[in-house]
Structures are given as structure tokens and as C-alpha cells.
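J.: What follows is data23.cif, made up of mmCIF, C-alpha atoms:
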```
data_query
loop_
_atom_site.label_atom_id
_atom_site.label_comp_id
_atom_site.auth_asym_id
_atom_site.auth_seq_id
_atom_site.Cartn_x
_atom_site.Cartn_y
_atom_site.Cartn_z
CA MET I 72 -1.30 -39.16 107.17
CA ILE I 73 2.34 -39.66 108.20
CA PRO I 74 3.03 -37.44 111.21
CA TYR I 75 6.33 -35.71 111.79
CA CYS I 76 6.41 -37.34 115.24
CA ASP I 77 3.90 -39.78 116.75
CA LEU I 78 3.85 -39.57 120.55
CA ARG I 79 0.60 -41.52 120.79
CA ALA I 80 2.16 -44.53 119.10
CA GLN I 81 5.06 -44.45 121.51
CA TYR I 82 2.77 -44.25 124.54
CA LYS I 83 0.69 -47.18 123.33
CA SER I 84 3.83 -49.31 122.96
CA ILE I 85 4.76 -48.85 126.65
CA LYS I 86 1.34 -48.03 128.13
CA LEU I 87 1.34 -50.65 130.87
CA GLU I 88 4.78 -49.66 132.15
CA ILE I 89 3.91 -45.97 132.09
CA ASP I 90 0.58 -46.43 133.80
CA GLN I 91 2.21 -48.47 136.57
CA ALA I 92 4.91 -45.83 137.08
CA VAL I 93 2.37 -43.00 137.25
CA SER I 94 0.21 -44.97 139.68
CA ARG I 95 3.24 -45.67 141.87
CA THR I 96 4.04 -41.95 142.02
CA LEU I 97 0.47 -40.98 142.79
CA GLU I 98 0.39 -43.51 145.61
CA SER I 99 3.65 -42.20 147.05
CA ALA I 100 2.48 -38.55 146.82
CA GLU I 101 6.08 -37.51 145.99
CA PHE I 102 5.06 -34.94 143.45
CA VAL I 103 8.12 -32.65 143.41
CA LEU I 104 11.61 -34.22 143.32
CA GLY I 105 11.44 -37.32 145.54
CA SER I 106 12.62 -40.90 145.14
CA GLU I 107 11.58 -41.35 141.49
CA VAL I 108 13.51 -38.26 140.40
CA GLU I 109 16.52 -39.32 142.45
CA ALA I 110 16.45 -42.79 140.91
CA PHE I 111 16.18 -41.31 137.42
CA GLU I 112 19.19 -39.06 138.11
CA GLN I 113 21.25 -42.09 139.13
CA GLU I 114 20.13 -44.16 136.14
CA PHE I 115 20.72 -41.38 133.62
CA ALA I 116 24.14 -40.59 135.08
CA LYS I 117 25.09 -44.26 134.70
CA TYR I 118 23.74 -44.30 131.14
CA VAL I 119 25.94 -41.42 129.96
CA GLY I 120 28.91 -42.22 132.23
CA ALA I 121 28.70 -39.18 134.51
CA LYS I 122 29.31 -38.97 138.24
CA HIS I 123 26.45 -36.55 138.89
CA ALA I 124 23.07 -35.77 137.32
CA ILE I 125 20.79 -32.96 138.42
CA ALA I 126 17.18 -33.18 137.21
CA MET I 127 15.28 -29.97 136.51
CA ASN I 128 12.07 -28.67 134.97
CA SER I 129 13.47 -27.98 131.49
CA GLY I 130 16.56 -28.15 129.33
CA THR I 131 16.70 -24.35 129.38
CA SER I 132 16.91 -24.43 133.18
CA ALA I 133 19.72 -26.99 132.94
CA LEU I 134 21.68 -24.72 130.61
CA HIS I 135 21.05 -21.71 132.84
CA LEU I 136 22.28 -23.42 136.00
CA ALA I 137 25.26 -25.10 134.31
CA LEU I 138 26.38 -21.66 133.16
CA LEU I 139 25.90 -20.14 136.62
CA ALA I 140 27.76 -23.02 138.27
CA ALA I 141 30.66 -22.36 135.89
CA GLY I 142 30.90 -18.76 137.06
CA VAL I 143 29.20 -17.18 134.04
CA GLY I 144 27.53 -13.89 134.88
CA PRO I 145 27.42 -10.15 134.16
CA GLY I 146 30.53 -8.88 132.42
CA THR I 147 31.44 -12.28 130.98
CA GLU I 148 30.97 -13.78 127.51
CA VAL I 149 30.00 -17.22 126.26
CA ILE I 150 30.86 -18.46 122.77
CA THR I 151 28.10 -20.40 121.03
CA VAL I 152 26.43 -20.76 117.62
CA PRO I 153 23.48 -18.91 116.05
CA PHE I 154 22.04 -21.99 114.31
CA THR I 155 20.22 -23.57 117.23
CA PHE I 156 16.98 -23.31 119.15
CA VAL I 157 16.77 -19.94 120.87
CA ALA I 158 17.03 -21.47 124.36
CA THR I 159 20.80 -21.87 123.99
CA THR I 160 21.21 -18.12 123.67
CA ALA I 161 18.44 -17.29 126.14
CA ALA I 162 20.16 -19.27 128.90
CA ILE I 163 23.32 -17.21 128.43
CA VAL I 164 21.33 -13.97 128.58
CA TYR I 165 19.56 -15.14 131.77
CA THR I 166 22.93 -15.15 133.55
CA GLY I 167 23.62 -11.55 132.55
CA ALA I 168 26.45 -12.64 130.24
CA THR I 169 26.81 -11.77 126.56
CA PRO I 170 26.46 -14.43 123.84
CA VAL I 171 29.24 -14.36 121.24
CA PHE I 172 28.51 -16.28 118.05
CA VAL I 173 30.73 -18.29 115.74
CA ASP I 174 29.46 -20.03 112.62
CA VAL I 175 28.75 -23.72 112.08
CA THR I 176 30.45 -26.02 109.60
CA ALA I 177 28.67 -26.67 106.32
CA ASP I 178 28.48 -30.45 106.73
CA SER I 179 27.62 -31.10 110.38
CA LEU I 180 25.94 -27.76 111.19
CA THR I 181 27.75 -27.80 114.54
CA MET I 182 30.27 -25.31 115.94
CA ASP I 183 33.28 -24.71 113.69
CA PRO I 184 36.33 -25.12 115.97
CA ALA I 185 38.48 -23.14 113.53
CA GLN I 186 36.51 -19.98 114.31
CA VAL I 187 36.48 -20.19 118.11
CA GLU I 188 39.92 -18.92 119.10
CA ALA I 189 39.45 -15.63 117.25
CA ALA I 190 36.24 -15.01 119.21
CA ILE I 191 37.92 -15.30 122.63
CA THR I 192 38.40 -12.09 124.61
CA PRO I 193 39.51 -11.41 128.20
CA ARG I 194 35.80 -11.59 129.15
CA THR I 195 35.20 -15.07 127.72
CA ARG I 196 34.22 -17.56 130.42
CA ALA I 197 32.76 -20.56 128.55
CA ILE I 198 32.29 -22.31 125.22
CA LEU I 199 28.82 -23.74 124.56
CA PRO I 200 28.69 -26.02 121.49
CA VAL I 201 25.35 -27.51 120.40
CA HIS I 202 24.97 -31.17 119.41
CA LEU I 203 22.46 -30.26 116.73
CA TYR I 204 19.84 -32.74 115.48
CA GLY I 205 21.53 -35.55 117.45
CA GLN I 206 25.00 -35.09 115.90
CA PRO I 207 27.77 -34.21 118.38
CA ALA I 208 29.98 -31.21 117.79
CA ASP I 209 33.67 -31.92 117.26
CA LEU I 210 34.63 -31.79 120.93
CA ASP I 211 38.35 -32.61 121.00
CA PRO I 212 39.59 -29.40 119.32
CA LEU I 213 37.09 -27.38 121.36
CA LEU I 214 38.38 -28.93 124.58
CA VAL I 215 41.96 -28.14 123.57
CA ILE I 216 41.01 -24.50 123.05
CA ALA I 217 39.05 -24.37 126.30
CA ARG I 218 41.93 -25.80 128.34
CA ARG I 219 44.48 -23.53 126.65
CA HIS I 220 42.50 -20.45 127.67
CA GLY I 221 41.17 -21.65 131.03
CA LEU I 222 37.56 -21.78 129.82
CA THR I 223 34.65 -24.03 130.78
CA LEU I 224 33.11 -26.19 128.05
CA ILE I 225 29.40 -26.89 128.47
CA GLU I 226 27.69 -29.28 126.05
CA ASP I 227 24.21 -28.38 124.83
CA ALA I 228 23.08 -31.99 124.39
CA CYS I 229 19.37 -31.15 124.48
CA GLN I 230 18.87 -32.96 121.14
CA ALA I 231 21.47 -35.67 121.63
CA HIS I 232 20.38 -38.28 124.18
CA GLY I 233 22.61 -41.31 123.61
CA SER I 234 24.73 -39.64 120.95
CA GLU I 235 28.40 -40.57 121.09
CA TYR I 236 31.66 -38.79 120.35
CA LYS I 237 34.53 -41.19 119.67
CA GLY I 238 32.75 -43.94 121.55
CA ARG I 239 31.75 -41.86 124.61
CA LYS I 240 28.23 -40.68 125.37
CA VAL I 241 27.93 -36.91 125.10
CA GLY I 242 27.16 -34.82 128.17
CA PRO I 243 30.02 -35.48 130.59
CA ILE I 244 32.80 -35.11 127.98
CA GLY I 245 32.93 -31.38 128.68
CA ASP I 246 32.82 -29.84 132.14
CA SER I 247 29.05 -30.31 132.12
CA GLY I 248 26.30 -31.21 129.68
CA CYS I 249 22.62 -30.38 129.46
CA PHE I 250 19.64 -32.39 128.22
CA SER I 251 16.02 -31.53 127.47
CA PHE I 252 13.14 -33.94 127.98
CA TYR I 253 10.58 -31.94 126.04
CA PRO I 254 7.97 -34.49 124.83
CA GLY I 255 9.22 -34.69 121.23
CA LYS I 256 12.84 -35.38 122.19
CA ASN I 257 14.44 -38.81 121.77
CA LEU I 258 13.90 -39.21 125.51
CA GLY I 259 10.81 -37.14 126.20
CA ALA I 260 8.78 -36.54 129.33
CA TYR I 261 4.99 -36.18 129.40
CA GLY I 262 5.43 -32.47 130.01
CA GLU I 263 8.58 -30.42 130.54
CA GLY I 264 11.84 -31.70 131.96
CA GLY I 265 15.60 -31.28 131.80
CA LEU I 266 18.84 -32.42 133.39
CA ALA I 267 22.49 -31.46 133.73
CA VAL I 268 25.38 -33.90 134.13
CA THR I 269 28.90 -33.25 135.39
CA ASN I 270 31.87 -35.02 136.93
CA ASP I 271 32.59 -31.98 139.11
CA ALA I 272 31.16 -32.48 142.61
CA GLU I 273 31.17 -28.77 143.47
CA GLN I 274 29.37 -27.77 140.28
CA ALA I 275 26.80 -30.51 140.96
CA ARG I 276 26.29 -29.22 144.52
CA THR I 277 25.80 -25.68 143.24
CA MET I 278 23.27 -26.75 140.62
CA ARG I 279 21.33 -28.83 143.15
CA MET I 280 21.01 -25.82 145.42
CA LEU I 281 20.18 -23.40 142.63
CA ARG I 282 17.33 -25.58 141.27
CA ASP I 283 15.65 -25.66 144.71
CA TRP I 284 15.67 -22.03 145.90
CA GLY I 285 19.36 -22.15 146.79
CA GLN I 286 18.85 -24.46 149.75
CA GLU I 287 20.61 -27.61 150.90
CA GLN I 288 18.63 -27.74 154.12
CA ARG I 289 14.95 -26.85 154.09
CA TYR I 290 14.37 -23.13 154.63
CA HIS I 291 18.11 -22.42 154.90
CA HIS I 292 19.00 -20.59 151.69
CA VAL I 293 22.69 -20.52 150.84
CA LEU I 294 22.33 -19.06 147.34
CA LYS I 295 19.78 -16.93 145.52
CA GLY I 296 18.13 -19.82 143.70
CA PHE I 297 15.26 -20.74 141.43
CA ASN I 298 12.24 -23.02 141.31
CA TYR I 299 13.64 -25.40 138.68
CA ARG I 300 12.70 -28.71 140.32
CA MET I 301 11.60 -31.75 138.32
CA GLU I 302 8.18 -33.18 139.14
CA GLY I 303 7.97 -36.70 140.54
CA LEU I 304 5.65 -37.86 137.76
CA GLN I 305 8.17 -36.86 135.10
CA GLY I 306 10.93 -38.69 136.94
CA SER I 307 8.92 -41.90 137.05
CA ILE I 308 7.92 -41.64 133.39
CA LEU I 309 11.48 -40.91 132.27
CA ARG I 310 12.78 -43.92 134.20
CA VAL I 311 10.49 -46.14 132.11
CA LYS I 312 11.41 -44.48 128.84
CA LEU I 313 15.15 -44.54 129.55
CA ARG I 314 14.99 -48.35 129.53
CA HIS I 315 13.76 -48.19 125.92
CA LEU I 316 16.04 -45.42 124.68
CA GLU I 317 18.75 -47.59 123.09
CA ARG I 318 16.19 -49.64 121.17
CA TRP I 319 14.45 -46.47 119.99
CA THR I 320 17.79 -44.98 118.97
CA GLU I 321 18.63 -47.99 116.82
CA LEU I 322 15.21 -47.72 115.15
CA ARG I 323 15.89 -44.06 114.37
CA ARG I 324 19.24 -45.00 112.90
CA THR I 325 17.56 -47.73 110.83
CA HIS I 326 15.06 -45.22 109.44
CA ALA I 327 17.89 -42.79 108.67
CA ALA I 328 19.75 -45.53 106.80
CA ALA I 329 16.60 -46.27 104.79
CA TYR I 330 16.21 -42.60 103.86
CA HIS I 331 19.85 -42.59 102.75
CA GLU I 332 19.43 -45.80 100.79
CA VAL I 333 16.52 -44.50 98.72
CA LEU I 334 17.51 -40.83 98.43
CA ARG I 335 21.27 -41.27 97.95
CA SER I 336 21.18 -40.53 94.23
CA SER I 337 18.70 -37.69 94.44
CA GLY I 338 19.40 -34.01 94.11
CA LEU I 339 18.73 -33.59 97.82
CA SER I 340 21.48 -32.85 100.31
CA LEU I 341 21.20 -35.49 103.05
CA PRO I 342 22.50 -35.29 106.62
CA ILE I 343 25.91 -36.82 107.21
CA GLU I 344 27.24 -38.77 110.15
CA LYS I 345 30.73 -37.60 111.04
CA ALA I 346 33.43 -40.26 111.43
CA TYR I 347 33.73 -39.46 115.14
CA ALA I 348 29.99 -39.63 115.79
CA ARG I 349 27.09 -41.84 116.65
CA HIS I 350 24.24 -39.74 115.28
CA VAL I 351 20.92 -40.34 117.06
CA TYR I 352 18.76 -38.52 114.48
CA HIS I 353 16.54 -36.44 116.71
CA VAL I 354 15.94 -34.63 113.43
CA PHE I 355 16.52 -35.95 109.90
CA ALA I 356 17.03 -32.68 108.06
CA ILE I 357 17.58 -32.63 104.32
CA ARG I 358 18.64 -29.45 102.55
CA VAL I 359 16.87 -28.11 99.48
CA ALA I 360 16.75 -24.73 97.77
CA GLU I 361 13.07 -25.07 96.85
CA ARG I 362 12.01 -25.81 100.42
CA ALA I 363 8.62 -24.11 100.43
CA SER I 364 7.37 -25.89 97.32
CA LEU I 365 8.66 -29.26 98.54
CA GLN I 366 7.00 -28.79 101.92
CA ARG I 367 3.72 -27.98 100.18
CA LEU I 368 4.05 -31.14 98.08
CA LEU I 369 4.61 -33.26 101.18
CA LYS I 370 1.63 -31.68 102.93
CA ALA I 371 -0.60 -32.27 99.89
CA ASN I 372 0.31 -35.95 100.14
CA GLY I 373 -0.47 -36.19 103.85
CA ILE I 374 3.11 -36.00 105.10
CA GLN I 375 4.07 -33.65 107.90
CA SER I 376 7.48 -31.98 108.00
CA GLY I 377 9.24 -29.30 110.01
CA ILE I 378 11.86 -26.57 109.76
CA HIS I 379 14.58 -26.55 112.42
CA TYR I 380 15.27 -23.60 112.29
CA PRO I 381 14.00 -20.98 109.81
CA VAL I 382 15.74 -17.95 111.37
CA PRO I 383 19.17 -18.12 113.04
CA VAL I 384 19.33 -16.50 116.45
CA HIS I 385 21.50 -13.55 115.36
CA LEU I 386 18.70 -12.46 112.99
CA GLN I 387 15.87 -12.87 115.50
CA PRO I 388 14.30 -9.53 116.49
CA ALA I 389 14.59 -10.42 120.19
CA TYR I 390 18.38 -10.53 119.88
CA ALA I 391 18.93 -7.57 117.57
CA ASP I 392 20.56 -5.79 120.50
CA LEU I 393 23.57 -8.10 120.15
CA GLY I 394 24.43 -6.11 117.03
CA TYR I 395 24.94 -8.89 114.50
CA LEU I 396 24.02 -8.39 110.85
CA ARG I 397 22.93 -10.62 107.98
CA GLY I 398 25.96 -12.08 106.24
CA GLN I 399 28.14 -12.50 109.31
CA PHE I 400 27.40 -16.23 109.67
CA PRO I 401 26.81 -17.47 106.13
CA GLU I 402 26.66 -21.20 106.88
CA SER I 403 24.02 -20.68 109.56
CA GLU I 404 22.01 -18.41 107.29
CA ARG I 405 22.25 -20.80 104.35
CA ALA I 406 21.14 -23.72 106.50
CA ALA I 407 18.20 -21.72 107.87
CA ASP I 408 17.03 -21.14 104.30
CA GLU I 409 17.40 -24.78 103.21
CA VAL I 410 16.80 -27.31 106.00
CA LEU I 411 13.62 -29.39 105.97
CA SER I 412 12.97 -32.04 108.60
CA LEU I 413 11.37 -35.27 107.39
CA PRO I 414 9.25 -37.55 109.61
CA MET I 415 11.47 -39.34 112.12
CA TYR I 416 10.34 -41.36 115.12
CA PRO I 417 11.05 -44.92 116.30
CA GLU I 418 7.57 -46.25 115.54
CA MET I 419 7.81 -45.42 111.83
CA THR I 420 7.61 -48.35 109.44
CA ARG I 421 9.73 -48.97 106.35
CA THR I 422 6.54 -48.57 104.33
CA GLN I 423 6.11 -45.06 105.71
CA VAL I 424 9.73 -44.18 104.97
CA ASP I 425 9.28 -45.43 101.40
CA GLU I 426 6.07 -43.41 101.05
CA VAL I 427 7.88 -40.22 102.07
CA CYS I 428 10.66 -41.01 99.61
CA GLY I 429 8.12 -41.73 96.87
CA VAL I 430 6.67 -38.23 97.21
CA LEU I 431 10.16 -36.76 97.05
CA GLN I 432 10.70 -38.67 93.82
CA GLU I 433 7.93 -36.62 92.27
CA ALA I 434 10.06 -33.52 92.67
CA TYR I 435 13.55 -34.89 92.05
CA VAL I 436 15.03 -37.05 89.33
CA PHE I 437 16.86 -40.10 90.67
#
```
What does the file become when written as C-alpha cells?
T.:
Amino acid sequence: MIPYCDLRAQYKSIKLEIDQAVSRTLESAEFVLGSEVEAFEQEFAKYVGAKHAIAMNSGTSALHLALLAAGVGPGTEVITVPFTFVATTAAIVYTGATPVFVDVTADSLTMDPAQVEAAITPRTRAILPVHLYGQPADLDPLLVIARRHGLTLIEDACQAHGSEYKGRKVGPIGDSGCFSFYPGKNLGAYGEGGLAVTNDAEQARTMRMLRDWGQEQRYHHVLKGFNYRMEGLQGSILRVKLRHLERWTELRRTHAAAYHEVLRSSGLSLPIEKAYARHVYHVFAIRVAERASLQRLLKANGIQSGIHYPVPVHLQPAYADLGYLRGQFPESERAADEVLSLPMYPEMTRTQVDEVCGVLQEAYVF
């Protein structure tokens, strides 16, 4: 069987380093925040070129606190996209603000800058583009719009560790950026984890307080905060894995190039890498009208696949109260009907890539 993602293979490749890091944390008994988390924050901030990094217990928490630190709250609106994991929208709702959707572009499946300005109202406080599948959104025009209207731009980089926009790592290009370390991510913890980066010292201070019950000094609570702290074990594990991230990213890009090489002349629609981007291929999503039958064929041949995502957020029952209807975001809806994620992880071999492509050849004429 070829798995969609093989976390066991990755662990085996770095087992000694991981085991030493875990043992070090157990010996120190720093189980919540602590020196390992602090060191990871510093190392990740340096990696993406940010002044501040604030580690948390999930990417959702990072989004939530980045929004709060930007002044988002009841009576305000945040512009985002419906073709994303639901956490993007949920984090906005957690603040008491209202999500306002604009559609994605057909090629990159990221926020369409041409639609943003028309969605701005006097209540708009922030723009929240999603770097979907490891491809950055087109940030320059979004930043121009944000600055023109006095809005905060927060990058949802939860799928884009190491991705670059015009030669700069995503995350600190906007006012802040948020990452998830869910186990299957390009940089994944052995449990939950997340982090926000920013170059704004005051926003960083606010997020640090909010993640730890609103306190800067123990038992002195300045803000009404949350229990969003990262565990020490996750910090130590992520420090190890961060050292391997660039090598893993290049392996992902090599596998993506191999998929493109073999499938280029097929009837499948393959993901594109925008001219401004360094795509890190968290997901390698093809597009196909006959998705269900193709997924069954892959499964019958021992190949796992995924769908990211089958229902856009504006059509999810949980968010029906936002009042959006089918047909309002046609690119998002079309993508939701067509995308199919092929196996993609650093430890894949070229033989496995070719095997996946061979099964696809059964269904498509090259």
C-alpha cells in the first residue's frame, strides 16, 4: 500500500534525535512552555525572518489570538475565503467578528485580490488570506488594499511552512502570520501545536499574554486570556524537525516535479506554481471531474488519497447562519467538487510516484 502520508517513516528517519529530545524534556520536567518552547520560538522566528514568534497549542489558537491582537472583535468583519479548512473561519467567529467571504482564483485556489475591495465595509478590520496547499496567496496587491483602507493583514500559513513569496518566507510578510503543527503538516508535532509570528512587538506581547491566561507575571492577569500554551515536549520535538524542514521541502518539490513530468500530457488538471511562489506542496491536489471513480480506482490498487476540501465553508451547515448560498463563490465550489490529493510526503520514492501515475494511466489517455 502507498499511504497518503507516512508519519512512521519520518519518525524512523530521525528516531535517535527525537528520542534524545524527548528524554531531555522529561529530565527537565518543563512540560508546559519552558526552555525548549522558547528555543523553538527563537529558531522558527529566525527561519521565517520574523522578530517575534509565539508558540501555542494549535494553529487555530494562533489564528484566534492574532485576530484578537489586531483588534478584531464583536461588530467587526474579517475578509477571508470559503475554500479552506474550517478553522480559518472558526477563528474569526471565536472573536465575535463576522467572516466575509471572497472567492479564490481558478489557478492558485488562493484569495482573488480583484474581489477584495468590493467586500470592504466600514466594519472591516482585517484581511485573512490562506496559503492553501503550500502555495502563497498573492500578497502584494492584498497588502496595497490593506494599507489603503487601514486594515490588518494576517496570513493563514498553516499549510505553508517554508513557502516563499517573491523570495521571502511567508508568515511575517503581513502584520502577522499563523502556522499549524498538526502531525501531518510539513512541520508536524507529535500531537497538536501552533505558532504566530509578527514584527510588531505590541501584538507579540498581547498574544503572549492571551495564550497564558492573560498574565505577564504569574497570577497577575492583565487580560482575559486562554489556556493556549504549547507543551514542552512538542517544543523539543519541533526543534529537531525544524532542522530537517528544508531537506524535506526539497524532497516534496522533487516528488511534485516527478508527478508533473509523468502526468503533464494527461487529461488531469495539475497544480501550478505561481511565478511569485515557492510552493512547498503540503498537498498535491489534482483536479478531475470523475473524482469518485478515480479515488475508487486508486484505493483498489492500494493507493490512499484525500479530498481537501469536499465542501466549502459557506455551504457547511455549521455556517449557514452567515447567509451565503450555493453559486456565490463558483471557483471555490468547482474546486470542492474536483480536487483530489495524491500521496505526498518526503519519504516517498520515485518508484512509488511512478506507481501512482501508472494507476492514473489506466483511467486517462496520455
J.: Taking 3 positions as the minimum chain separation for residues in the same chain, which residues sit within 9 Å of I:Glu148 when counting only C-alpha atoms? Answer as a PyMOL selection string.
T.: chain I and resi 143-145+163+168-171+191-198
J.: Check the smallest atom-to-atom distance from each of I:Glu98, I:Tyr75, I:Leu210, I:Phe250 to I:Ile378 using only C-alpha atoms, then report the winner.
T.: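 Nearest to I:Ile378: I:Tyr75.
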J.: Please enumerate the residues selected by the PyMOL selection byres ((chain I and resi 126) around 8) when evaluated against the supplied file, formatted as an mmCIF file with C-alpha atoms, in the frame of the given file.
T.:
```cif
data_model
loop_
_atom_site.group_PDB
_atom_site.id
_atom_site.type_symbol
_atom_site.label_atom_id
_atom_site.label_comp_id
_atom_site.auth_asym_id
_atom_site.auth_seq_id
_atom_site.Cartn_x
_atom_site.Cartn_y
_atom_site.Cartn_z
ATOM 1 C CA VAL I 108 13.510 -38.260 140.400
ATOM 2 C CA GLU I 112 19.190 -39.060 138.110
ATOM 3 C CA ALA I 124 23.070 -35.770 137.320
ATOM 4 C CA ILE I 125 20.790 -32.960 138.420
ATOM 5 C CA MET I 127 15.280 -29.970 136.510
ATOM 6 C CA ASN I 128 12.070 -28.670 134.970
ATOM 7 C CA ALA I 133 19.720 -26.990 132.940
ATOM 8 C CA GLY I 264 11.840 -31.700 131.960
ATOM 9 C CA GLY I 265 15.600 -31.280 131.800
ATOM 10 C CA LEU I 266 18.840 -32.420 133.390
ATOM 11 C CA ALA I 267 22.490 -31.460 133.730
ATOM 12 C CA ARG I 300 12.700 -28.710 140.320
ATOM 13 C CA MET I 301 11.600 -31.750 138.320
#
```
J.: Taking a cut-off of 12 Å and counting all atoms listed in the file, can you build a table that, for each residue of stretch 180-271 of chain I near stretch 81-96 of chain I, reports the nearest atom pair and how far apart they are in Å (one decimal), sorted by chain then residue number, as a tab-separated table?
T.:
```
residue	atom	partner	partner_atom	distance
I:Pro254	CA	I:Gln81	CA	10.9
I:Gly255	CA	I:Gln81	CA	10.6
I:Lys256	CA	I:Gln81	CA	12.0
I:Asn257	CA	I:Gln81	CA	10.9
I:Leu258	CA	I:Gln81	CA	11.0
I:Gly259	CA	I:Gln81	CA	10.4
I:Ala260	CA	I:Tyr82	CA	10.9
I:Tyr261	CA	I:Tyr82	CA	9.7
```
J.: Here's the selection I'm unsure about, the PyMOL selection byres ((chain I and resi 404-408) around 12); applied to the file above, which residues does it give, as a count of residues only?
T.: 46
